[in-house]
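structure_32.csv follows; it contains CSV, C-alpha atoms.
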```
chain,number,residue,atom,x,y,z
E,1,GLN,CA,-8.6,8.1,24.8
E,2,VAL,CA,-7.6,6.8,21.4
E,3,GLN,CA,-4.1,5.4,20.7
E,4,LEU,CA,-2.9,5.5,17.1
E,5,VAL,CA,0.0,3.5,15.8
E,6,GLU,CA,1.2,3.9,12.2
E,7,SER,CA,3.2,1.3,10.3
E,8,GLY,CA,4.2,0.4,6.7
E,9,GLY,CA,6.6,3.1,6.0
E,10,GLY,CA,10.0,2.5,4.3
E,11,LEU,CA,12.2,3.1,1.3
E,12,VAL,CA,10.7,2.9,-2.1
E,13,GLN,CA,11.8,3.9,-5.6
E,14,ALA,CA,10.1,6.7,-7.4
E,15,GLY,CA,7.1,5.3,-9.2
E,16,GLY,CA,6.6,2.6,-6.6
E,17,SER,CA,3.9,2.0,-4.1
E,18,LEU,CA,3.5,1.7,-0.3
E,19,ARG,CA,0.5,1.0,1.9
E,20,LEU,CA,0.5,2.6,5.3
E,21,SER,CA,-1.6,1.3,8.2
E,22,CYS,CA,-2.9,3.0,11.3
E,23,ALA,CA,-4.0,0.8,14.1
E,24,ALA,CA,-6.4,2.4,16.6
E,25,SER,CA,-7.1,1.2,20.2
E,26,GLY,CA,-9.0,2.5,23.1
E,27,ARG,CA,-12.2,3.5,21.4
E,28,THR,CA,-14.2,2.3,18.4
E,29,LEU,CA,-13.0,3.9,15.2
E,30,SER,CA,-16.5,4.3,13.8
E,31,ASP,CA,-16.9,7.3,16.2
E,32,TYR,CA,-14.0,9.2,14.5
E,33,ALA,CA,-13.3,10.9,11.3
E,34,MET,CA,-9.8,10.0,10.3
E,35,SER,CA,-7.1,11.7,8.2
E,36,TRP,CA,-3.6,11.3,7.1
E,37,PHE,CA,-1.0,14.1,7.2
E,38,ARG,CA,2.7,14.3,6.4
E,39,GLN,CA,5.6,16.4,7.4
E,40,SER,CA,9.1,16.7,5.9
E,41,PRO,CA,12.0,18.5,7.5
E,42,GLY,CA,11.6,22.2,7.5
E,43,LYS,CA,8.1,22.1,6.3
E,44,GLU,CA,4.7,22.4,8.0
E,45,ARG,CA,2.6,19.3,8.5
E,46,GLU,CA,0.1,19.0,5.6
E,47,PHE,CA,-3.1,17.1,5.0
E,48,VAL,CA,-2.9,14.3,2.4
E,49,ALA,CA,-6.1,12.3,2.8
E,50,GLY,CA,-9.3,12.1,4.9
E,51,THR,CA,-12.3,9.9,5.4
E,52,SER,CA,-15.6,10.3,7.2
E,53,ARG,CA,-16.6,8.1,10.1
E,54,GLY,CA,-18.2,5.4,7.9
E,55,GLY,CA,-15.7,5.8,5.0
E,56,GLY,CA,-18.3,7.0,2.6
E,57,ARG,CA,-16.7,10.3,2.0
E,58,THR,CA,-13.0,10.9,1.2
E,59,PHE,CA,-11.0,14.0,0.2
E,60,TYR,CA,-7.6,14.6,-1.1
E,61,PRO,CA,-5.5,17.6,-2.0
E,62,ASP,CA,-4.5,18.0,-5.7
E,63,SER,CA,-0.9,17.0,-4.9
E,64,VAL,CA,-1.9,13.4,-4.2
E,65,LYS,CA,-5.3,13.1,-5.9
E,66,GLY,CA,-5.4,10.1,-8.2
E,67,ARG,CA,-2.3,8.5,-6.6
E,68,PHE,CA,-3.3,8.1,-3.0
E,69,ALA,CA,-6.4,6.3,-1.6
E,70,VAL,CA,-7.5,6.3,2.0
E,71,SER,CA,-9.7,3.5,3.3
E,72,ARG,CA,-10.8,2.2,6.7
E,73,ASN,CA,-12.0,-1.0,8.3
E,74,ASN,CA,-14.0,0.1,11.4
E,75,ALA,CA,-14.6,-3.5,12.5
E,76,ALA,CA,-10.8,-4.0,12.7
E,77,ASN,CA,-10.1,-0.5,14.0
E,78,MET,CA,-7.8,0.1,11.1
E,79,LEU,CA,-7.1,3.0,8.7
E,80,TYR,CA,-5.0,2.7,5.5
E,81,LEU,CA,-3.3,4.8,3.0
E,82,GLN,CA,-2.5,3.3,-0.4
E,83,MET,CA,0.2,5.4,-2.1
E,84,ASN,CA,1.0,4.7,-5.7
E,85,SER,CA,3.2,6.4,-8.3
E,86,LEU,CA,5.3,7.8,-5.5
E,87,LYS,CA,7.5,10.8,-6.1
E,88,PRO,CA,10.6,12.1,-4.3
E,89,GLU,CA,8.5,15.0,-3.0
E,90,ASP,CA,6.2,12.5,-1.2
E,91,ALA,CA,9.0,11.6,1.2
E,92,ALA,CA,8.0,12.6,4.7
E,93,THR,CA,6.9,11.3,8.0
E,94,TYR,CA,3.2,10.3,7.7
E,95,TYR,CA,0.8,10.6,10.6
E,96,CYS,CA,-2.8,9.4,11.1
E,97,ALA,CA,-5.2,11.6,13.1
E,98,ALA,CA,-8.6,11.0,14.6
E,99,LYS,CA,-11.4,13.5,15.4
E,100,TYR,CA,-14.4,12.4,17.5
E,101,GLN,CA,-17.6,12.9,15.6
E,102,ASP,CA,-20.9,11.9,17.2
E,103,PHE,CA,-23.0,12.6,14.1
E,104,GLY,CA,-22.6,13.5,10.5
E,105,ALA,CA,-20.2,12.3,7.8
E,106,TYR,CA,-17.6,15.0,7.4
E,107,VAL,CA,-14.0,15.0,6.3
E,108,TYR,CA,-11.6,17.2,8.2
E,109,THR,CA,-8.4,18.7,6.9
E,110,GLY,CA,-7.1,21.1,9.5
E,111,LEU,CA,-4.4,20.3,12.0
E,112,SER,CA,-6.4,21.8,14.8
E,113,ASP,CA,-9.4,19.7,14.0
E,114,PHE,CA,-8.0,16.5,15.4
E,115,ASP,CA,-8.1,15.1,18.9
E,116,TYR,CA,-5.5,12.3,18.6
E,117,TRP,CA,-2.4,11.7,16.6
E,118,GLY,CA,-0.1,8.8,16.0
E,119,GLN,CA,3.7,9.0,16.3
E,120,GLY,CA,4.3,8.7,12.5
E,121,THR,CA,5.9,6.4,10.0
E,122,GLN,CA,8.8,7.4,7.7
E,123,VAL,CA,8.5,7.2,4.0
E,124,THR,CA,11.6,7.7,1.8
E,125,VAL,CA,11.3,7.9,-1.9
E,126,SER,CA,14.5,7.5,-4.0
E,127,SER,CA,14.8,9.1,-7.4
```
Represent the structure contained in this file as structure tokens.
Amino acid sequence: QVQLVESGGGLVQAGGSLRLSCAASGRTLSDYAMSWFRQSPGKEREFVAGTSRGGGRTFYPDSVKGRFAVSRNNAANMLYLQMNSLKPEDAATYYCAAKYQDFGAYVYTGLSDFDYWGQGTQVTVSS
């Protein structure tokens, strides 16, 4: 079992930055590919950033590429999402997710790929 707890959300003006954190407990994070998703009211949950087990591979959709950066500290069991140049359309609840991976260095982007989810942290962007 892996427990994931997100933090770092809040209110920010358009153009500003936020850094989200995801603290993992229960298992070592180095056994898991990790990703961030977001969901706003009335919309489906969508992928925004992913990283392989060791952090050597990352992937972003075009909507956030160049503005968001995912990173991880496996020794500390932490995952991060640095969000810059925030736009009102980035406002959502952000979730981290973990997928057990016993070999390979893949990045996963599908909702059904993941074994564990956090409860989410709210990001509000004012225009």
Next item on the list: Figure out the distance between atom CA of Asp102 of chain E and atom CA of Ser30 of chain E, please, to one decimal in Å.
Entry: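 So the two atoms, atom CA of Ser30 of chain E and atom CA of Asp102 of chain E, lie 9.4 Å apart.
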Check: Quick one, how far is atom CA of Gln1 of chain E from atom CA of Cys96 of chain E?
Finding: 14.9 Å
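Neighbours of segment 63-77 of chain E closer than or equal to 7 Å, with only C-alpha atoms counted and sequence neighbours fewer than 5 positions away skipped, come out as Ala23, Ala24, Thr28, Leu29, Ser30, Val48, Ala49, Gly50, Thr51, Gly55, Gln82, Met83, Asn84 and Ser85 of chain E.
Nearest to Thr109 of chain E of all the residues E:Lys87, E:Ala97, E:Val123, E:Ser21 is E:Ala97, counting all atoms listed in the file.
Checking E:Phe59, E:Tyr80, E:Arg19, E:Asp31 one by one against Lys99 of chain E, counting all atoms listed in the file, you find the shortest gap at E:Asp31.
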Notebook entry, point to check: So which one's closest to Gly110 of chain E, E:Ala98, E:Glu89, E:Val5, E:Pro41? Using all atoms listed in the file, please.
Noted result: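 That would be E:Ala98, the residue with the smallest distance to Gly110 of chain E.
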Checklist line | Nearby residues (all atoms listed in the file) at most 12 Å from Glu44 of chain E, same-chain spacing under 6 positions excluded, as a VMD selection string | finding: chain E and resid 37 to 38 92 to 93 110 to 111
Restricted to C-alpha atoms, what would the selected residues look like written as a PDB file, in the coordinates of the input?
```pdb
ATOM      1  CA  PHE E  37      -1.000  14.100   7.200  1.00  0.00           C
ATOM      2  CA  ARG E  38       2.700  14.300   6.400  1.00  0.00           C
ATOM      3  CA  ALA E  92       8.000  12.600   4.700  1.00  0.00           C
ATOM      4  CA  THR E  93       6.900  11.300   8.000  1.00  0.00           C
ATOM      5  CA  GLY E 110      -7.100  21.100   9.500  1.00  0.00           C
ATOM      6  CA  LEU E 111      -4.400  20.300  12.000  1.00  0.00           C
TER       7      LEU E 111
END
```
Next item on the list: Return the single residue from E:Pro88, E:Gly15, E:Gly10, E:Gly26 that is closest to Val125 of chain E, with distances computed using only C-alpha atoms.
Entry: E:Pro88
Next item on the list: May I ask which of the residues E:Phe114, E:Phe47, E:Ala91, E:Tyr106 is the closest one to Ala14 of chain E, counting only C-alpha atoms?
Entry: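 Residue with the minimum atom-to-atom distance to Ala14 of chain E: E:Ala91.
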Check: So which one's closest to Ser52 of chain E, E:Gly104, E:Ser112, E:Leu18, E:Tyr95? Using all atoms listed in the file, please.
Finding: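 Distance minimum relative to Ser52 of chain E lands on E:Gly104.
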Checklist line | Gap from atom CA of Gly8 of chain E to atom CA of Gln101 of chain E - Å, one decimal | finding: 26.7 Å
Copy segment 5-42 of chain E out of the block into a file, keeping N, CA and C atoms, as an mmCIF file, in the first residue's frame.
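Once written, decode34.cif looks like this:
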```
data_model
loop_
_atom_site.group_PDB
_atom_site.id
_atom_site.type_symbol
_atom_site.label_atom_id
_atom_site.label_comp_id
_atom_site.auth_asym_id
_atom_site.auth_seq_id
_atom_site.Cartn_x
_atom_site.Cartn_y
_atom_site.Cartn_z
ATOM 1 N N VAL E 5 -0.086 12.082 -0.254
ATOM 2 C CA VAL E 5 -0.700 13.297 0.275
ATOM 3 C C VAL E 5 -0.125 14.497 -0.460
ATOM 4 N N GLU E 6 -0.992 15.221 -1.151
ATOM 5 C CA GLU E 6 -0.571 16.406 -1.884
ATOM 6 C C GLU E 6 -0.651 17.636 -0.991
ATOM 7 N N SER E 7 0.182 18.622 -1.317
ATOM 8 C CA SER E 7 0.142 19.906 -0.622
ATOM 9 C C SER E 7 0.699 20.968 -1.550
ATOM 10 N N GLY E 8 0.531 22.228 -1.153
ATOM 11 C CA GLY E 8 1.120 23.324 -1.911
ATOM 12 C C GLY E 8 0.148 24.098 -2.781
ATOM 13 N N GLY E 9 -1.085 23.638 -2.843
ATOM 14 C CA GLY E 9 -2.066 24.373 -3.623
ATOM 15 C C GLY E 9 -2.431 25.689 -2.962
ATOM 16 N N GLY E 10 -3.152 26.514 -3.702
ATOM 17 C CA GLY E 10 -3.580 27.792 -3.158
ATOM 18 C C GLY E 10 -4.039 28.722 -4.245
ATOM 19 N N LEU E 11 -4.141 29.994 -3.884
ATOM 20 C CA LEU E 11 -4.583 31.028 -4.818
ATOM 21 C C LEU E 11 -3.371 31.776 -5.350
ATOM 22 N N VAL E 12 -3.311 31.937 -6.659
ATOM 23 C CA VAL E 12 -2.201 32.646 -7.285
ATOM 24 C C VAL E 12 -2.745 33.469 -8.434
ATOM 25 N N GLN E 13 -2.099 34.589 -8.702
ATOM 26 C CA GLN E 13 -2.504 35.409 -9.838
ATOM 27 C C GLN E 13 -2.001 34.794 -11.138
ATOM 28 N N ALA E 14 -2.696 35.073 -12.199
ATOM 29 C CA ALA E 14 -2.256 34.625 -13.514
ATOM 30 C C ALA E 14 -0.838 35.133 -13.764
ATOM 31 N N GLY E 15 -0.006 34.242 -14.287
ATOM 32 C CA GLY E 15 1.395 34.572 -14.501
ATOM 33 C C GLY E 15 2.295 34.169 -13.351
ATOM 34 N N GLY E 16 1.697 33.808 -12.229
ATOM 35 C CA GLY E 16 2.463 33.426 -11.065
ATOM 36 C C GLY E 16 2.877 31.974 -11.076
ATOM 37 N N SER E 17 3.465 31.549 -9.966
ATOM 38 C CA SER E 17 4.003 30.194 -9.846
ATOM 39 C C SER E 17 3.533 29.544 -8.559
ATOM 40 N N LEU E 18 3.475 28.233 -8.595
ATOM 41 C CA LEU E 18 3.209 27.415 -7.418
ATOM 42 C C LEU E 18 4.040 26.147 -7.533
ATOM 43 N N ARG E 19 4.390 25.605 -6.378
ATOM 44 C CA ARG E 19 5.066 24.315 -6.362
ATOM 45 C C ARG E 19 4.245 23.355 -5.530
ATOM 46 N N LEU E 20 3.765 22.315 -6.174
ATOM 47 C CA LEU E 20 3.003 21.286 -5.480
ATOM 48 C C LEU E 20 3.943 20.180 -5.016
ATOM 49 N N SER E 21 3.594 19.583 -3.887
ATOM 50 C CA SER E 21 4.346 18.454 -3.360
ATOM 51 C C SER E 21 3.419 17.271 -3.157
ATOM 52 N N CYS E 22 3.984 16.097 -3.263
ATOM 53 C CA CYS E 22 3.254 14.862 -3.009
ATOM 54 C C CYS E 22 4.143 13.994 -2.135
ATOM 55 N N ALA E 23 3.709 13.765 -0.901
ATOM 56 C CA ALA E 23 4.459 12.944 0.030
ATOM 57 C C ALA E 23 3.927 11.523 0.005
ATOM 58 N N ALA E 24 4.830 10.576 -0.166
ATOM 59 C CA ALA E 24 4.448 9.169 -0.228
ATOM 60 C C ALA E 24 4.903 8.448 1.029
ATOM 61 N N SER E 25 4.102 7.511 1.463
ATOM 62 C CA SER E 25 4.475 6.681 2.600
ATOM 63 C C SER E 25 3.970 5.267 2.365
ATOM 64 N N GLY E 26 4.564 4.335 3.066
ATOM 65 C CA GLY E 26 4.130 2.954 2.973
ATOM 66 C C GLY E 26 5.051 2.079 2.146
ATOM 67 N N ARG E 27 5.555 2.612 1.060
ATOM 68 C CA ARG E 27 6.488 1.879 0.209
ATOM 69 C C ARG E 27 7.518 2.863 -0.325
ATOM 70 N N THR E 28 8.629 2.342 -0.803
ATOM 71 C CA THR E 28 9.640 3.216 -1.361
ATOM 72 C C THR E 28 9.214 3.731 -2.727
ATOM 73 N N LEU E 29 9.354 5.015 -2.920
ATOM 74 C CA LEU E 29 8.861 5.656 -4.138
ATOM 75 C C LEU E 29 9.632 5.226 -5.378
ATOM 76 N N SER E 30 10.832 4.728 -5.199
ATOM 77 C CA SER E 30 11.653 4.340 -6.342
ATOM 78 C C SER E 30 11.092 3.127 -7.092
ATOM 79 N N ASP E 31 10.103 2.455 -6.529
ATOM 80 C CA ASP E 31 9.448 1.339 -7.199
ATOM 81 C C ASP E 31 8.251 1.772 -8.031
ATOM 82 N N TYR E 32 8.014 3.090 -8.104
ATOM 83 C CA TYR E 32 6.791 3.572 -8.725
ATOM 84 C C TYR E 32 7.055 4.653 -9.761
ATOM 85 N N ALA E 33 6.430 4.514 -10.919
ATOM 86 C CA ALA E 33 6.301 5.638 -11.828
ATOM 87 C C ALA E 33 5.238 6.564 -11.236
ATOM 88 N N MET E 34 5.452 7.863 -11.399
ATOM 89 C CA MET E 34 4.574 8.842 -10.768
ATOM 90 C C MET E 34 4.083 9.858 -11.789
ATOM 91 N N SER E 35 2.869 10.314 -11.596
ATOM 92 C CA SER E 35 2.331 11.347 -12.473
ATOM 93 C C SER E 35 1.444 12.306 -11.700
ATOM 94 N N TRP E 36 1.223 13.437 -12.313
ATOM 95 C CA TRP E 36 0.272 14.423 -11.814
ATOM 96 C C TRP E 36 -0.899 14.511 -12.795
ATOM 97 N N PHE E 37 -2.093 14.642 -12.237
ATOM 98 C CA PHE E 37 -3.312 14.869 -12.995
ATOM 99 C C PHE E 37 -4.036 16.062 -12.396
ATOM 100 N N ARG E 38 -4.994 16.567 -13.127
ATOM 101 C CA ARG E 38 -5.828 17.639 -12.588
ATOM 102 C C ARG E 38 -7.264 17.460 -13.066
ATOM 103 N N GLN E 39 -8.159 18.026 -12.278
ATOM 104 C CA GLN E 39 -9.573 17.955 -12.622
ATOM 105 C C GLN E 39 -10.268 19.220 -12.159
ATOM 106 N N SER E 40 -10.967 19.846 -13.073
ATOM 107 C CA SER E 40 -11.774 21.011 -12.734
ATOM 108 C C SER E 40 -13.251 20.627 -12.842
ATOM 109 N N PRO E 41 -14.117 21.386 -12.203
ATOM 110 C CA PRO E 41 -15.544 21.021 -12.161
ATOM 111 C C PRO E 41 -16.129 20.826 -13.549
ATOM 112 N N GLY E 42 -16.824 19.718 -13.729
ATOM 113 C CA GLY E 42 -17.475 19.439 -14.990
ATOM 114 C C GLY E 42 -16.582 18.872 -16.066
#
```
